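Working notes for the structure below.
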Amino acid sequence: MKLPRNTGFVTVDLLALATNPNYFKDLPATSGSEPAIRLLSYDDTFKNDILGPSATARKAADLSWEAFHEAGIYNRETNSIYATSNYQDLNDNINITVISLEDYSITSTQFPDLWEANGGTSWYPPGSDYSGAPPAQLYCDEGDFDHYSALISVDVVKNTSTTILNSYYGRNFSSLNDVRQHPKTYDLWFTDAAYGFYQDFRPVPTIPQMVYRFDPSTGELAVVADGFDQPNGLELSPDGLTLYVTDTGAQHFTANTTRPATTYAYDIVDQKRLENRRIFAYADIGLPDGIHTDTKGNVWAAAGDGVHVWSPEGKLLGKIWIGETSNNFAFIPGGVLVFSNYRLWLVEGINAQGREICKDFGKGEGC
């Protein structure tokens with residue numbers, strides 16, 4: 001049964017917000033005590049162009065366990081989105097939540113030799129037919145006390161898994177977090193944070209928290225950026241020339257809002273190196289966790305009250321507001337699925353197209 005839809009946009013008065021710290025508490029749309037979904041427009045382009053005035057929003061699922069946490073990877077053969085659940089304890093590995101795009105029904109599974117999955121992406125292993133749908137999924141396995149943190153390739157149809165990488169030249173990663181594949185070089189860019197340690201299922205880190213590039217065809221592995229507290233989500237611009245990395249250092253064992261909740265941008269030089277680090281955006285609520293771009297270069301990030309959307313220049317354009325923390329989200333054709341642990345939210349009828357929709361779904365702009 002489909003839950004009620006929200007069909008209206010709420011325009012944020014920036015001048016009123018600038019002088020009223022209680023603005024959102026006083027705003028009827030955002031003052032409720034229960035999670036709900038609202039479309040907040042900070043700029044007219046959010047309503048008119050990015051989402052479009054016909055966009056609707058609703059809650060798609062509300063479960064008794066934290067099924068919707070990270071990843072959000074599409075598989076064309078099963079026509080389903082695969083998300084990772086939140087960590088519970090070492091007696092029950094992180095589950096994979098399968099969301100059917102036929103009817104949004106939900107099932108749960110685990111893949112062999114994938115212990116504590118977090119972020120991930122669809123990907124082309126070396127030798128793939130790059131003109132077709134990505135044949136595999138790649139997960140950041142945070143590892144545990146018995147298993148190294150690793151990049152694990154999964155064939156969801158055959159239910160098989162292959163370790164792609166599990167150390168920095170023999171050194172144990174801390175807790176691999178998120179990964180993307182470059183659309184031209186097919187190198188893998190990924191982040192390593194310490195959240196397995198903070199959640200008590202990984203040992204004390206013995207390597208800095210950094211960003212890496214890995215060539216799965218040759219084994220070449222390089223550190224491309226450091227200086228983070230906790231590098232978390234990462235994403236490429238649609239032209240492949242910019243890398244965005246979120247730093248969620250404001251959350252360790254507990255929250256400390258004086259630490260980073262910041263998205264940084266880098267220039268990708270010669271498709272291999274990073275230069276010109278600069279602040280792209282700072283999340284006003286919570287942390288910028290999972291991050292994706294659309295085909296127009298707008299940057300979307302899951303944060304403390306939903307999904308925030310910035311222009312390529314870093315201007316906040318709007319929010320998919322849910323009144324609770326979103327860890328990640330997934331673009332689908334004409335829509336976006338928002339993950340907030342117990343709940344799954346859906347925005348439909350949008351104009352924006354995720355950067356990888358053409359590759360994953362075989363439809364949309366650029367196909």
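Numbering starts fresh at 1 for the residues of each chain in the structure tokens, the chains themselves are lettered A, B, ... in the order given, and ligands are numbered from 1 as they appear.
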Distance query Ile94 in chain A at most 6 Å, only C-alpha atoms, self and fewer than 6 positions along chain excluded, as a PyMOL selection string: chain A and resi 85+87+116
Export of prior selection with N, CA, C and O atoms as a PDB file, in the first residue's frame:
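Full text of selection11.pdb as output:
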```pdb
ATOM      1  N   SER A  85      22.492  -2.362   5.576  1.00  0.00           N
ATOM      2  CA  SER A  85      21.851  -1.998   6.835  1.00  0.00           C
ATOM      3  C   SER A  85      22.867  -1.380   7.786  1.00  0.00           C
ATOM      4  O   SER A  85      24.077  -1.402   7.530  1.00  0.00           O
ATOM      5  N   TYR A  87      25.033  -1.246  11.316  1.00  0.00           N
ATOM      6  CA  TYR A  87      25.691  -2.264  12.139  1.00  0.00           C
ATOM      7  C   TYR A  87      24.931  -2.492  13.441  1.00  0.00           C
ATOM      8  O   TYR A  87      24.491  -1.547  14.091  1.00  0.00           O
ATOM      9  N   GLU A 116      31.123  -6.760   6.820  1.00  0.00           N
ATOM     10  CA  GLU A 116      30.485  -5.549   7.357  1.00  0.00           C
ATOM     11  C   GLU A 116      30.452  -4.498   6.243  1.00  0.00           C
ATOM     12  O   GLU A 116      31.240  -3.564   6.208  1.00  0.00           O
TER      13      GLU A 116
END
```
message: Excluding Asp178 in chain A and its own-chain neighbours fewer than 3 positions away, which residues fall within 7 Å of it when counting only C-alpha atoms? Please give them as a list in words.
response: Gly119, Gly120, Cys140, Phe190, Thr191, Asn232, Gly233 and Leu234 of chain A
statement: Closest of A:Gly227, A:Gly196, A:Pro208, A:Pro216 to Leu138 in chain A, counting only C-alpha atoms, is A:Pro216
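Across A:Asp305, A:Asp229, A:Glu220, A:Glu356, the tightest approach to Pro35 in chain A is made by A:Asp305 when counting only C-alpha atoms.
Separating CA of Thr218 in chain A from CA of Asn118 in chain A is a distance of 25.0 Å.
For range 162-288 of chain A, a DSSP pass over the backbone yields alpha helix (DSSP H) at Tyr195, Gly196, Phe197 and Tyr198 of chain A.
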query: In range 95-143 of chain A, what's strand (DSSP E or B) per DSSP? Answer as a PyMOL selection string?
result: chain A and resi 96-100+106-109+117-123+136-141
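Among the candidates A:Pro312, A:Gly323, A:Pro21, A:Gly8, the one nearest to Pro53 in chain A when counting only C-alpha atoms is A:Gly8.
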- prompt: What is the CA of Gln353 in chain A to CA of Asp289 in chain A distance in Å?
  reply: 19.8 Å
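Here the question is which of A:Lys59, A:His147, A:Lys272, A:Arg278 gets nearest to Val245 in chain A using only C-alpha atoms, and that residue is A:Arg278.
Considering only C-alpha atoms, the residue among A:Glu142, A:Asp155, A:Glu235, A:Glu324 positioned nearest to Phe197 in chain A is A:Glu142.
Atom to atom, CA of Ala61 in chain A and CA of Ser100 in chain A stand 12.2 Å apart.
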query: From the list A:Leu39, A:Leu51, A:Leu337, A:Ala67, which residue is nearest Ile350 in chain A when using only C-alpha atoms?
result: A:Leu51
- prompt: Counting only C-alpha atoms, what is within 10 Å of Leu90 in chain A, bar same-chain residues fewer than 6 positions away, as a list in words?
  reply: Trp115, Glu116, Asp144, Phe145, Asp200 and Phe201 of chain A
field: Who sits within 12 Å of Leu221 in chain A, only C-alpha atoms, same chain under 4 positions skipped, as an MDAnalysis selection string
entry: chainID A and resid 164:170 187:190 211:217 272:273
query: Near Phe339 in chain A, within 8 Å and counting only C-alpha atoms, which residues show up once chain neighbours fewer than 6 positions away are dropped, as a PyMOL selection string?
result: chain A and resi 68-70+326-329+345
